[in-house]
Structure formats: C-alpha cells, structure tokens
Amino acid sequence: MKQSIKRAAVLGSGVMGSGIAAHLANVGIPTIMLDIVPQELTKEEEQKGLTLEDPIVRNRMATQSKKALIKQNPSPITSKKSLDLIEVGNMEDDMEKLANVDWIIEVVVENLDVKRKVFASVEKYREEGTIVSSNTSGISVEDMAAGCSEDFRRHFLGTHFFNPPRYLKLLEVIPTKDTDPKVFEFMKKVGENVLGKGVVEAKDTPNFIANRIGTYGLLVTVKAMLKGGYTVGEVDSVTGPMIGRPKSATFRTLDVVGLDTFIHVAKNVHDQVEGAEKEVFDVPDFMKKMQEKGWLGAKRAQGFFLKKKGKDGSTIYELNPETLEYEDRKTLNTAATEMAKQEKGPRRKLKALVKSEGDRAGDLVWSVLKPVLIYSAELLGDIADDIVSIDQAMKWGFGWEIGPFETWDVIGLQQSVQRMQEEGERIPEWIQKMRKEGRESFYKQKNGIVYYYDQGEYKEQTFNKKEIHLQKLKDVNGVIKKNPGASLIDLGDDVLGLEFHSKSNAIGLDIIQMVHSALKEVQKNYKGLVIGNQGKHFSVGANLAMMLMEAQDDNIFELDMVIRQFQNMGMDIKYSDKPVVAAPFNMAVGGGAEVSLPAAAIQASPETYMGLVEFGVGLIPGGGGTKELYLKALRNLPEGVHFDLTKVANDVFEKIAMAKVSTSAVQARENGFLNNQDSISTNPDHLLYDAKEKVLALVKAGYRAPKREKIPVVGDAGYGAMLLGAKSLRFGGYASDHDVKIAEKLAYVLSGGRMKEGTMIDEQVMLDLEREAFLSLIQEPLTQARMQHMLVKGKPLRN
C-alpha cells in the first residue's frame with residue numbers, strides 16, 4: 001500500500017472530474033486528468049487542418065475542461081497556479097502514466113459496463129499497491145470491481161466527493177468486502193489531513209448516505225407543498241435558515257443542483273427500492289414536465305424561480321406547480337414564524353416552529369421533518385453503522401446545521417415520538433426500545449466528552465486529534481476572562497486563546513480591551529497567544545454602525561480615541577515578547593485583516609477572504625492596515641535584490657484603493673497579506689490546532705519580539721504617481737470626485753506625508769497619518785452616505 005499521495009490521476013474530466021482534479025491541485029498534488037478521445041473534429045480543428053490523430057485533438061476533452069476551470073463561478077481553483085499541477089491527456093495514449101501515480105480516481109459516466117471497461121484498462125498499467133477509487137454517486141462499488149485482481153480489489157473503494165469539491169466538506173468513503181482495512185484508514189486520513197474533508201464511512205447502498213436522505217427530504221417537502229397547498233416561495237421561506245438549513249432552502253437548492261441531476265439521483269434510488277419508499281422517490285409529474293421544457297434551474301436561468309428585469313431592477317418570480325406559470329414570490333408569515341424570528345439560533349427557532357401545532361408554518365415544518373427523522377432511523381445499519389455518520393453526512397454534504405438525530409434531540413425525543421404514534425406513524429423498533437429504556441436523547445455530553453446512543457448504550461464520539469472545540473473547552477474549564485465582545489480560553493500546552501464573539505465578530509472597544517488583557521495574561525502565564533474563533537467569520541472589521549453614529553454626532557474626539565486604541569492594540573500584538581498567531585478564516589476584512597497583519601504569524605484557513613475594504617465605505621484603513629500591508633510587501637521582497645520603492649507603494653495603493661479581497665488563503669498570499677512566516681491549514685477544522693502548534697514552534701525556535709521598524713517611503717514623486725492613476729480613472733468615468741479625494745488621502749499616507757523619496761520614518765508617523773486621514777474622511781457627508789448605504793443595503797455606494 002502507498003504511504004502517501006504524491007501524485008494522482010483522474011479519469012474523466014467532466015464537471016465533477018475536473019473539480020476533483022482542481023481540488024487535488026489546490027492542496028499541492030500533481031494530477032493527470034484523462035478523458036476519452038473525440039470521434040469527430042470540430043469546425044475549428046478542421047479549419048486548422050488537424051486530424052483525429054493529432055495530440056491536440058486527442059486531448060481536447062481534458063484540455064477544454066482544464067480551461068473551463070478558470071471561468072467557473074464559484075471558482076474550483078484557489079489560484080491560477082493550481083492549473084500548473086494539472087496535466088491533461090487521454091485514456092488511449094496516456095494510460096501508461098498511471099504506473100507513476102499513487103491514487104487513481106475514476107469519474108466517468110454512471111454506467112456499470114463503462115466503468116468496468118475503464119478498470120480493466122487500469123489493471124494493465126497500475127502498479128501493485130496503487131489505490132483506485134470511484135466517485136460514483138449511485139452504482140454499486142462492489143459490482144464495479146468484480147472480475148478485477150485480488151490486489152486491485154484490496155486497494156479499491158468508493159470516494160464520493162460532493163460538488164463543488166473545493167467547497168463542500170463531505171467525502172463519503174465506501175469500502176467493499178475486499179477492501180483492505182488499512183487502505184480505508186489511510187484514505188480516511190488523506191481525506192481529513194490532506195484534502196481537508198469531513199470523512200464519513202458509508203455502506204455500498206443506493207446513493208450512500210447524504211444523497212439518499214437529502215433526496216428523500218427534498219421529495220417529501222415537494223409532496224408536502226402539493227398536499228398542503230403551499231407555494232414554492234412559502235416553502236423556501238421556512239425550510240432554510242429558520243430550521244438550520246442553507247439559505248437556498250428547498251427549491252432554490254434544486255435550481256442550483258439542476259433539476260435533471262436531481263431527477264437522475266432520485267431515479268437511481270427509485271429503481272432499487274420497493275414499496276412506500278419507491279413511491280416517495282417517484283418524482284411528481286410537474287417536475288418531469290419542467291425537465292421536458294428545459295426548466296432545469298440556474299444553468300438554464302429558469303427553474304422553480306425566474307428572474308425578470310424591469311424598469312426598477314430585477315424581480316424574482318416563483319413557479320406555480322399546478323399551472324406552470326410564474327407568479328409573484330410569496331413568503332409564509334404566521335404567528336409561529338414571528339415567534340421563531342424572536343429566538344436566537346436555529347435550534348431554538350426550529351423548536352418554536354415544531355411546537356406550533358395548528359399553525360400553517362408549524363404544520364409545514366412538522367410534515368417535512370417527521371418523515372425524514374423516521375426514514376433516517378429506518379436506514380441506520382443499512383447506509384451507515386452509527387447515527388454520528390448520518391448526522392455528519394447531512395451537515396457536511398447538504399449544509400444542514402443540525403443533523404437528523406440532533407434535530408430529534410432539539411424537538412424532544414419522547415414528546416415527538418409520542419406525537420408521531422398518535423398520528424399513526426410506524427416507529428422503528430430501536431427507537432421504541434430507547435423510549436422504553438427512558439432515554440431522553442441520542443447525544444449526551446459530560447466533562448467535554450460527547451457520547452452517542454448505539455445499540456442500547458452510549459459510546460464516546462471520537463474526533464481527529466487536530467480538532468479543537470472551543471465550546472467544549474469552555475464547558476469543561478470555563479473562561480479565564482470575558483466581556484461582551486471576546487473571551488480568553490486556555491487552549492492547553494500553555495497557549496492562550498482569544499475568541500471573538502461579538503455580532504459578526506465586529507471589532508469594538510470590548511475586543512480591543514480584551515486583546516490588551518490577553519497580552520498581559522500571556523506575559524505572565526503563557527508561552528503565546530492564538531487569536532481565533534469558530535464563528536461564521538473571523539471578523540467583518542470594525543463596528544461600522546458605532547463609528548457612523550459617533551461621526552454623525554460629531555464625536556470626533558471619541559473616534560480619535562477609539563482609532564488610537566485600535567492602533568495601539570496592533571502595535572502591542574506586533575511587539576509582544578511572546579508570539580501572537582492570528583487564525584483567520586472566511587471573512588477577515590478591514591479590522592479583521594488589521595488584527596491579523598501585525599501578528600508574529602498568520603495561520604489561515606484555506607477559505608480565507610482577506611482584504612482592506614475601507615475604501616468601499618469612503619474611508620482608508622485607520623487601524624494600522626495601510627502601514628502593515630506596506631511593510632509586509634517590503635518584507636516579501638527578495639533579500640539583496642534592488643527594488644523599485646515606488647512600484648511597491650503603487651501595488652499596495654492599488655490593493656487598498658480597489659478594496660481587493662482574496663478569494664482564498666492562497667490568493668491572500670499572492671496579494672501580500674501572507675508571507676513565508678505564515679501558513680495555511682488544509683482542513684479548516686484543524687485551524688486552531690495548527691495555530692497553537694505555530695505558537696509552540698516559534699517558542700521552540702527562540703522567538704524574540706521584532707525591533708521597532710523604520711519605514712522607507714516614496715515621498716512626493718511616489719505621491720504623484722499614485723494619484724495619477726486615480727485621476728485617470730476619474731477622467732475615464734470610472735471614479736467619482738469623492739473616490740479621488742479618498743485616493744489622495746491614501747497616497748498621502750503611503751508617501752509618508754510628502755517628503756523626499758527614500759526617507760525613513762518611524763511607524764508612529766505613518767499611524768498618525770492614517771488616523772488623521774481616517775478622521776477627516778469620516779466627517780465627509782459623502783463618506784457617511786456610503787457607510788449608511790453599506791449598513792442598510794449590504795453593498796457599496798458609488799457617489
């Protein structure tokens with residue numbers, strides 16, 4: 001068996017195959033992507049005089065798929081450099097290259113005979129011990145390998161990625177009866193530690209775990225809509241975040257997935273099951289008619305929803321399933337939905353809805369949840385061995401915040417089962433046994449350990465050792481110190497953690513104060529500090545609403561004080577005697593970036609969207625972001641190489657003036673927000689662990705606080721060069737007068753205040769210039785209008 005995956009091959013370059021190849025390349029694995037040889041020339045190939053024997057023609061399928069990766073949105077690649085790791089070819093001329101890979105992934109058409117032919121060809125070229133897997137979403141993994149050699153079968157299994165592979169966490173791994181257990185364990189570790197996935201072991205059954213339950217759930221929702229007389233929009237208004245599901249809810253999800261894809265997945269189960277289950281997987285006639293009409297969803301710009309442009313902008317309409325006409329979109333507003341909106345968190349919202357019997361929204365939610373809970377319980381043992389695998393598959397594959405058995409715990413096991421029985425439902429025997437035993441829940445937690453119910457007893461849930469769960473740490477050890485914005489938590493190994501928990505993790509005075517407290521605590525009792533959290537985003541920046549309110553009240557003195565404190569916080573982080581490591585993820589913009597940039601090191605999640613975005617609300621970074629990004633750019637330059645200081649300043653000026661935000665941590669590195677001292681965690685669940693290890697590594701290496709820096713500035717000449725670009729945009733109609741005014745302030749800061757090029761200034765001089773520019777801009781009516789628009793509309797205003 002292979003000891004590591006150094007090189008891989010993907011057979012099949014369709015949307016899924018190319019997406020998997022892209023994800024492998026994103027994590028640094030060189031990958032060969034092969035596809036079939038075309039049987040006909042295109043008109044363009046004919047015009048060029050090419051023949052079917054030319055390599056460019058024979059490799060066309062894979063080549064086109066590779067090129068398409070750049071255009072897809074959301075992007076399957078973390079950087080254009082990922083494409084350099086993807087080699088293309090075809091499955092006739094290049095199969096011998098399989099002898100030099102460690103993992104071969106089959107992603108060809110969902111046809112058993114075709115797959116068997118592919119594997120017969122693979123057998124001729126693969127070396128013994130090379131792992132082979134199929135990304136099938138429905139065909140029996142066992143049947144595919146029938147007739148293959150013993151070594152092939154021992155190293156063969158299913159690896160079902162979810163689309164798009166870069167973004168969806170779930171990886172279902174399906175061993176066969178012949179799969180070597182060591183191969184399964186190895187691939188589980190590869191999935192978690194190399195690919196950054198949440199790995200679930202699934203059984204070789206139709207559609208495995210997530211698609212089986214998810215498709216069932218979507219179909220029972222459609223049928224509940226038809227039976228209850230609800231509309232498409234009404235269903236989506238209560239089957240999304242209100243019950244812990246994605247914003248796309250039910251029908252928007254179907255539009256995104258594609259109705260043709262959904263019907264194919266449903267048919268796969270329908271053709272392999274019997275009785276009542278078969279009836280559920282029979283797609284309603286109106287959906288079949290939609291498919292005939294080509295109303296497949298987002299890829300055809302028409303499905304359950306249709307966007308139409310009008311004089312006042314675009315309007316979204318919903319499909320009437322009875323008439324197949326589009327109507328005004330509706331939402332379900334009842335006493336139950338109003339009550340749920342008052343509750344915090346999806347668990348409390350869900351409970352409020354389910355308890356509202358007789359309410360139109362409450363009844364809909366119950367009619368959707370009830371069959372899914374019973375179905376999940378019926379399938380235990382058939383699709384997975386434990387309830388944890390089912391819950392995790394639905395959370396990681398379908399974006400549910402609460403898995404089926406976790407949902408049961410939320411609404412109350414005893415009460416809900418009683419209600420189901422009163423309504424004539426047949427409850428699985430093992431659930432009835434739980435009730436007779438007096439069990440109140442599927443999960444329990446004690447001393448930070450999670451236990452789950454399994455065959456009459458509670459077993460300890462195991463986690464990857466690299467997962468740190470802040471809530472569990474707090475439940476067991478409490479917090480060292482806390483205020484409304486942040487908490488101090490002992491992460492173990494003499495490392496302190498600073499967790500943000502304000503709304504959207506926006507940075508205000510409470511967080512600034514807690515940073516100072518953390519640094520004092522670290523100085524006395526700890527080896528170092530990790531700044532991180534496990535919210536939706538690391539930080540969306542400073543508290544914009546608070547700053548606007550102070551500006552509108554002319555409290556400039558108070559704003560000046562706040563900005564000074566923010567700047568001092570950054571300097572204290574930077575010059576701490578003990579190392580501080582920032583652990584950003586998802587949105588880390590504005591103040592979130594300004595907290596990260598001065599840290600001794602950054603440990604970023606792969607999906608880190610970092611940028612200084614203040615320009616978009618009529619400001620420039622005021623908390624040290626301009627200075628730190630400029631210094632980071634200077635540090636990133638090769639030592640001993642002559643460089644153009646003006647070019648460096650212009651580059652930083654452009655990033656801030658364009659409010660550039662990275663689309664990944666890799667791009668954050670390319671944009672200059674990360675340098676060689678900084679690292680990226682492959683698995684976001686390992687981020688805090690990796691950040692803690694980074695602190696310990698810095699300590700072991702003899703960390704010393706940096707010396708106070710002098711900054712070389714571009715002076716008058718650089719100021720003019722930066723401003724020229726902004727004025728050119730104004731003359732071309734791409735920038736307003738106010739944009740130019742903001743750009744002037746930014747250029748003034750980066751130039752060091754209009755002095756001689758190459759002058760060395762103290763950091764505090766640039767901080768003072770930042771603060772003065774920020775305060776002058778925030779008093780501008782046009783800036784305040786931009787801030788107000790961002791708070792209300794959530795998008796920039798150009799004025």
# chains A, B, ... in the order shown; residues from 1 in each chain; ligands from 1
>>> residues_around(residues="segment 667-670 of chain A", least_positions_apart="4", cutoff="9 Å", atoms="only C-alpha atoms", output="PyMOL selection string")
chain A and resi 78-79+608-611+661-663+674-676+678
>>> residues_around(residues="Val132 of chain A", least_positions_apart="6", cutoff="10 Å", atoms="only C-alpha atoms", output="list of chain:residue names")
A:Ala8, A:Ala9, A:Asp102, A:Trp103, A:Ile104, A:Ile105, A:Glu106, A:Phe119, A:Val122, A:Glu123, A:Arg126, A:Phe152, A:Arg153, A:Arg154, A:His155, A:Phe156, A:Leu157, A:Gly158, A:Thr159
>>> write_last_selection(atoms="N, CA, C and O atoms", output="compact mmCIF listing (two decimals), in the first residue's frame")
# COMPACT_ATOMS: atom_id res chain seq x y z
N ALA A 8 -1.46 11.94 -8.41
CA ALA A 8 -2.75 11.29 -8.61
C ALA A 8 -3.16 11.35 -10.07
O ALA A 8 -2.59 12.11 -10.87
N ALA A 9 -4.17 10.57 -10.41
CA ALA A 9 -4.75 10.60 -11.75
C ALA A 9 -6.26 10.62 -11.62
O ALA A 9 -6.83 9.93 -10.77
N ASP A 102 -0.04 7.48 -7.27
CA ASP A 102 -0.34 6.77 -6.02
C ASP A 102 -1.83 6.55 -5.81
O ASP A 102 -2.24 5.75 -4.99
N TRP A 103 -2.64 7.32 -6.56
CA TRP A 103 -4.10 7.23 -6.39
C TRP A 103 -4.74 7.50 -7.75
O TRP A 103 -4.45 8.50 -8.40
N ILE A 104 -5.61 6.59 -8.18
CA ILE A 104 -6.35 6.73 -9.43
C ILE A 104 -7.83 6.88 -9.09
O ILE A 104 -8.41 6.02 -8.41
N ILE A 105 -8.45 7.98 -9.55
CA ILE A 105 -9.86 8.24 -9.26
C ILE A 105 -10.66 8.17 -10.55
O ILE A 105 -10.41 8.94 -11.48
N GLU A 106 -11.62 7.28 -10.59
CA GLU A 106 -12.49 7.14 -11.77
C GLU A 106 -13.70 8.05 -11.61
O GLU A 106 -14.40 8.00 -10.59
N PHE A 119 -11.77 0.09 -15.64
CA PHE A 119 -10.95 -0.56 -14.63
C PHE A 119 -10.14 -1.72 -15.22
O PHE A 119 -9.03 -2.01 -14.76
N VAL A 122 -7.24 0.05 -16.51
CA VAL A 122 -6.40 0.50 -15.40
C VAL A 122 -5.52 -0.65 -14.90
O VAL A 122 -4.34 -0.47 -14.58
N GLU A 123 -6.12 -1.86 -14.84
CA GLU A 123 -5.38 -3.04 -14.34
C GLU A 123 -4.11 -3.29 -15.14
O GLU A 123 -3.13 -3.81 -14.62
N ARG A 126 -1.58 0.02 -13.76
CA ARG A 126 -1.30 0.40 -12.37
C ARG A 126 -0.29 -0.55 -11.74
O ARG A 126 -0.24 -1.74 -12.07
N PHE A 152 -6.02 -5.45 -6.86
CA PHE A 152 -6.89 -4.32 -7.23
C PHE A 152 -8.02 -4.19 -6.22
O PHE A 152 -8.29 -3.11 -5.70
N ARG A 153 -8.72 -5.31 -5.94
CA ARG A 153 -9.88 -5.26 -5.05
C ARG A 153 -9.49 -4.85 -3.63
O ARG A 153 -10.24 -4.16 -2.95
N ARG A 154 -8.31 -5.26 -3.18
CA ARG A 154 -7.85 -4.90 -1.83
C ARG A 154 -7.57 -3.40 -1.73
O ARG A 154 -7.67 -2.81 -0.65
N HIS A 155 -7.24 -2.78 -2.86
CA HIS A 155 -6.89 -1.36 -2.86
C HIS A 155 -7.97 -0.51 -3.53
O HIS A 155 -7.71 0.62 -3.92
N PHE A 156 -9.18 -1.06 -3.63
CA PHE A 156 -10.26 -0.36 -4.31
C PHE A 156 -11.38 0.00 -3.32
O PHE A 156 -11.71 -0.78 -2.42
N LEU A 157 -11.96 1.16 -3.51
CA LEU A 157 -13.07 1.62 -2.67
C LEU A 157 -13.77 2.80 -3.35
O LEU A 157 -13.29 3.32 -4.36
N GLY A 158 -14.87 3.21 -2.80
CA GLY A 158 -15.56 4.38 -3.31
C GLY A 158 -15.11 5.62 -2.56
O GLY A 158 -14.91 5.58 -1.34
N THR A 159 -14.93 6.73 -3.28
CA THR A 159 -14.63 8.02 -2.64
C THR A 159 -15.57 9.05 -3.29
O THR A 159 -15.27 9.59 -4.35
>>> closest_residue(among="A:Pro74, A:Pro684, A:Gly147, A:Gly89", to="Val57 of chain A", atoms="only C-alpha atoms")
A:Gly89
>>> residues_around(residues="segment 33-39 of chain A", least_positions_apart="6", cutoff="9 Å", atoms="only C-alpha atoms", output="PyMOL selection string")
chain A and resi 8-14+17-18+21+52+57-63+66+86-92+94-95+108
>>> write_last_selection(atoms="N, CA and C atoms", output="tab-separated table (two decimals), in the first residue's frame")
chain	number	residue	atom	x	y	z
A	8	ALA	N	-1.46	11.94	-8.41
A	8	ALA	CA	-2.75	11.29	-8.61
A	8	ALA	C	-3.16	11.35	-10.07
A	9	ALA	N	-4.17	10.57	-10.41
A	9	ALA	CA	-4.75	10.60	-11.75
A	9	ALA	C	-6.26	10.62	-11.62
A	10	VAL	N	-6.91	11.42	-12.47
A	10	VAL	CA	-8.37	11.48	-12.51
A	10	VAL	C	-8.80	11.05	-13.90
A	11	LEU	N	-9.65	10.03	-13.97
A	11	LEU	CA	-10.14	9.51	-15.24
A	11	LEU	C	-11.55	10.04	-15.47
A	12	GLY	N	-11.66	10.97	-16.40
A	12	GLY	CA	-12.93	11.65	-16.63
A	12	GLY	C	-12.78	13.12	-16.27
A	13	SER	N	-13.08	14.01	-17.22
A	13	SER	CA	-12.81	15.43	-16.97
A	13	SER	C	-14.07	16.28	-17.04
A	14	GLY	N	-15.23	15.67	-16.76
A	14	GLY	CA	-16.46	16.45	-16.71
A	14	GLY	C	-16.44	17.41	-15.55
A	17	GLY	N	-15.18	15.49	-12.48
A	17	GLY	CA	-13.79	15.05	-12.61
A	17	GLY	C	-12.82	16.21	-12.57
A	18	SER	N	-13.11	17.25	-13.32
A	18	SER	CA	-12.22	18.41	-13.33
A	18	SER	C	-12.22	19.11	-11.97
A	21	ALA	N	-9.93	17.08	-9.77
A	21	ALA	CA	-8.55	17.36	-10.17
A	21	ALA	C	-8.11	18.73	-9.66
A	52	LEU	N	-7.82	13.57	-36.59
A	52	LEU	CA	-8.16	12.87	-35.35
A	52	LEU	C	-6.93	12.24	-34.69
A	57	VAL	N	-5.99	17.27	-30.67
A	57	VAL	CA	-7.37	16.82	-30.86
A	57	VAL	C	-7.69	15.69	-29.88
A	58	ARG	N	-6.78	14.73	-29.78
A	58	ARG	CA	-7.00	13.57	-28.93
A	58	ARG	C	-7.12	13.96	-27.45
A	59	ASN	N	-6.49	15.07	-27.07
A	59	ASN	CA	-6.55	15.52	-25.67
A	59	ASN	C	-7.59	16.63	-25.46
A	60	ARG	N	-8.40	16.87	-26.51
A	60	ARG	CA	-9.30	18.02	-26.48
A	60	ARG	C	-10.22	18.04	-25.25
A	61	MET	N	-10.82	16.91	-24.92
A	61	MET	CA	-11.81	16.87	-23.84
A	61	MET	C	-11.21	17.35	-22.52
A	62	ALA	N	-10.06	16.81	-22.16
A	62	ALA	CA	-9.42	17.19	-20.90
A	62	ALA	C	-8.90	18.62	-20.95
A	63	THR	N	-8.38	19.01	-22.12
A	63	THR	CA	-7.85	20.37	-22.28
A	63	THR	C	-8.95	21.41	-22.09
A	66	LYS	N	-9.98	21.67	-18.46
A	66	LYS	CA	-8.99	22.41	-17.67
A	66	LYS	C	-9.17	23.91	-17.88
A	86	ILE	N	-2.01	20.44	-13.06
A	86	ILE	CA	-2.91	19.53	-13.77
A	86	ILE	C	-2.37	19.26	-15.17
A	87	GLU	N	-2.02	18.01	-15.42
A	87	GLU	CA	-1.54	17.57	-16.74
A	87	GLU	C	-2.71	16.89	-17.45
A	88	VAL	N	-2.91	17.20	-18.72
A	88	VAL	CA	-4.03	16.61	-19.45
A	88	VAL	C	-3.56	15.53	-20.43
A	89	GLY	N	-4.48	14.67	-20.77
A	89	GLY	CA	-4.18	13.60	-21.73
A	89	GLY	C	-5.45	12.86	-22.08
A	90	ASN	N	-5.30	11.64	-22.62
A	90	ASN	CA	-6.48	10.86	-22.98
A	90	ASN	C	-6.30	9.41	-22.55
A	91	MET	N	-7.42	8.69	-22.52
A	91	MET	CA	-7.42	7.33	-21.97
A	91	MET	C	-7.05	6.25	-22.99
A	92	GLU	N	-6.43	6.68	-24.08
A	92	GLU	CA	-5.88	5.69	-25.01
A	92	GLU	C	-4.36	5.80	-25.09
A	94	ASP	N	-2.33	7.70	-22.92
A	94	ASP	CA	-1.60	8.10	-21.71
A	94	ASP	C	-1.83	7.20	-20.50
A	95	MET	N	-2.43	6.04	-20.71
A	95	MET	CA	-2.73	5.17	-19.56
A	95	MET	C	-1.46	4.65	-18.89
A	108	VAL	N	-15.93	8.63	-14.58
A	108	VAL	CA	-16.53	8.57	-15.91
A	108	VAL	C	-18.05	8.47	-15.78
>>> residues_around(residues="Gln523 of chain A", least_positions_apart="3", cutoff="9 Å", atoms="only C-alpha atoms", output="mmCIF file with C-alpha atoms, in the first residue's frame")
data_model
loop_
_atom_site.group_PDB
_atom_site.id
_atom_site.type_symbol
_atom_site.label_atom_id
_atom_site.label_comp_id
_atom_site.auth_asym_id
_atom_site.auth_seq_id
_atom_site.Cartn_x
_atom_site.Cartn_y
_atom_site.Cartn_z
ATOM 1 C CA ALA A 518 -4.785 38.715 26.755
ATOM 2 C CA LEU A 519 -1.316 40.105 26.146
ATOM 3 C CA LYS A 520 -0.870 40.837 29.864
ATOM 4 C CA TYR A 526 1.604 31.558 28.884
ATOM 5 C CA LYS A 527 4.001 30.804 26.054
ATOM 6 C CA GLY A 528 1.960 32.638 23.456
ATOM 7 C CA SER A 576 4.636 41.312 22.243
ATOM 8 C CA ASP A 577 7.511 39.452 23.891
ATOM 9 C CA LYS A 578 5.517 36.260 23.437
#
>>> residues_around(residues="Arg347 of chain A", least_positions_apart="3", cutoff="7 Å", atoms="only C-alpha atoms", output="list in words")
Leu350, Lys351 and Val410 of chain A
>>> atom_distance(atom1="atom CA of Ile620 of chain A", atom2="atom CA of Ile512 of chain A")
19.5 Å
>>> residues_around(residues="Leu170 of chain A", least_positions_apart="4", cutoff="8 Å", atoms="only C-alpha atoms", output="PyMOL selection string")
chain A and resi 161-162+197-200+393+396-397
>>> atom_distance(atom1="atom CA of Asp685 of chain A", atom2="atom CA of Met187 of chain A")
17.7 Å
>>> select_by_dssp(residues="segment 393-481 of chain A", states="strand (DSSP E or B)", output="PyMOL selection string")
chain A and resi 443-446+449-454+457-460+481
>>> write_last_selection(atoms="N, CA, C and O atoms", output="CSV table (one decimal), in the first residue's frame")
chain,number,residue,atom,x,y,z
A,443,TYR,N,-27.7,12.1,22.0
A,443,TYR,CA,-26.4,12.5,22.3
A,443,TYR,C,-26.4,13.0,23.8
A,443,TYR,O,-27.4,13.6,24.3
A,444,LYS,N,-25.2,12.8,24.4
A,444,LYS,CA,-25.0,13.3,25.8
A,444,LYS,C,-23.6,13.9,25.8
A,444,LYS,O,-22.7,13.6,25.0
A,445,GLN,N,-23.4,14.9,26.7
A,445,GLN,CA,-22.1,15.5,26.9
A,445,GLN,C,-21.7,15.5,28.4
A,445,GLN,O,-22.5,16.0,29.2
A,446,LYS,N,-20.6,15.1,28.7
A,446,LYS,CA,-20.1,15.1,30.1
A,446,LYS,C,-18.6,15.4,30.1
A,446,LYS,O,-17.8,14.7,29.4
A,449,ILE,N,-16.7,15.5,26.9
A,449,ILE,CA,-16.8,14.4,26.0
A,449,ILE,C,-18.2,14.2,25.5
A,449,ILE,O,-19.1,14.2,26.3
A,450,VAL,N,-18.3,13.9,24.2
A,450,VAL,CA,-19.6,13.7,23.6
A,450,VAL,C,-19.9,12.2,23.4
A,450,VAL,O,-19.0,11.5,23.0
A,451,TYR,N,-21.1,11.8,23.9
A,451,TYR,CA,-21.4,10.4,23.7
A,451,TYR,C,-22.7,10.3,22.9
A,451,TYR,O,-23.5,11.2,22.8
A,452,TYR,N,-22.8,9.2,22.1
A,452,TYR,CA,-23.9,9.0,21.2
A,452,TYR,C,-24.5,7.6,21.5
A,452,TYR,O,-23.8,6.7,21.9
A,453,TYR,N,-25.8,7.5,21.3
A,453,TYR,CA,-26.5,6.3,21.5
A,453,TYR,C,-26.3,5.3,20.4
A,453,TYR,O,-26.3,5.6,19.3
A,454,ASP,N,-25.9,4.0,20.8
A,454,ASP,CA,-25.6,3.0,19.9
A,454,ASP,C,-25.9,1.6,20.5
A,454,ASP,O,-25.3,1.2,21.4
A,457,GLU,N,-26.5,1.5,24.3
A,457,GLU,CA,-25.6,2.1,25.2
A,457,GLU,C,-25.0,3.4,24.6
A,457,GLU,O,-25.2,3.6,23.4
A,458,TYR,N,-24.4,4.2,25.4
A,458,TYR,CA,-23.8,5.5,24.9
A,458,TYR,C,-22.3,5.3,24.7
A,458,TYR,O,-21.6,4.8,25.6
A,459,LYS,N,-21.9,5.6,23.5
A,459,LYS,CA,-20.4,5.4,23.2
A,459,LYS,C,-19.8,6.8,23.0
A,459,LYS,O,-20.4,7.7,22.5
A,460,GLU,N,-18.5,6.8,23.3
A,460,GLU,CA,-17.8,8.1,23.1
A,460,GLU,C,-17.6,8.4,21.6
A,460,GLU,O,-17.1,7.6,20.9
A,481,LYS,N,-11.3,35.0,31.3
A,481,LYS,CA,-11.9,36.3,31.4
A,481,LYS,C,-12.8,36.5,30.2
A,481,LYS,O,-12.6,35.9,29.1
>>> select_by_dssp(residues="segment 17-87 of chain A", states="helix (DSSP H, G or I)", output="ChimeraX atom specification")
/A:17-26,43-47,55-58,60-71,80-85
>>> closest_atom_pairs(of="segment 521-603 of chain A", to="segment 770-788 of chain A", cutoff="12 Å", atoms="only C-alpha atoms", output="CSV")
residue,atom,partner,partner_atom,distance
A:Asn543,CA,A:Met787,CA,11.1
A:Leu544,CA,A:Met787,CA,7.3
A:Ala545,CA,A:Met787,CA,8.1
A:Met546,CA,A:Met787,CA,10.8
A:Met547,CA,A:Ile778,CA,8.4
A:Leu548,CA,A:Gln784,CA,6.6
A:Met549,CA,A:Gln784,CA,9.5
A:Glu550,CA,A:Ile778,CA,9.7
A:Ala551,CA,A:Gln779,CA,6.2
A:Gln552,CA,A:Gln779,CA,7.7
A:Asp553,CA,A:Gln779,CA,10.0
A:Asp554,CA,A:Gln779,CA,7.8
A:Asn555,CA,A:Gln779,CA,9.9
A:Ile556,CA,A:Leu775,CA,7.2
A:Phe557,CA,A:Leu775,CA,9.5
A:Glu558,CA,A:Leu775,CA,10.7
A:Leu559,CA,A:Leu775,CA,7.6
A:Asp560,CA,A:Leu775,CA,7.1
A:Met561,CA,A:Arg771,CA,10.0
A:Val562,CA,A:Arg771,CA,10.1
A:Ile563,CA,A:Arg771,CA,6.7
A:Arg564,CA,A:Arg771,CA,7.5
A:Gln565,CA,A:Arg771,CA,10.9
A:Phe566,CA,A:Arg771,CA,10.2
A:Gln567,CA,A:Arg771,CA,8.7
A:Asn568,CA,A:Arg771,CA,11.7
>>> residues_around(residues="segment 317-324 of chain A", least_positions_apart="4", cutoff="10 Å", atoms="only C-alpha atoms", output="number ranges by chain")
A: 222, 225-226, 230-234, 251, 284-287, 289-290, 302-308, 328-330
>>> atom_distance(atom1="atom CA of Glu521 of chain A", atom2="atom CA of Gly592 of chain A")
22.0 Å
>>> closest_residue(among="A:Gly725, A:Glu201, A:Val141, A:Lys227", to="Pro181 of chain A", atoms="only C-alpha atoms")
A:Glu201
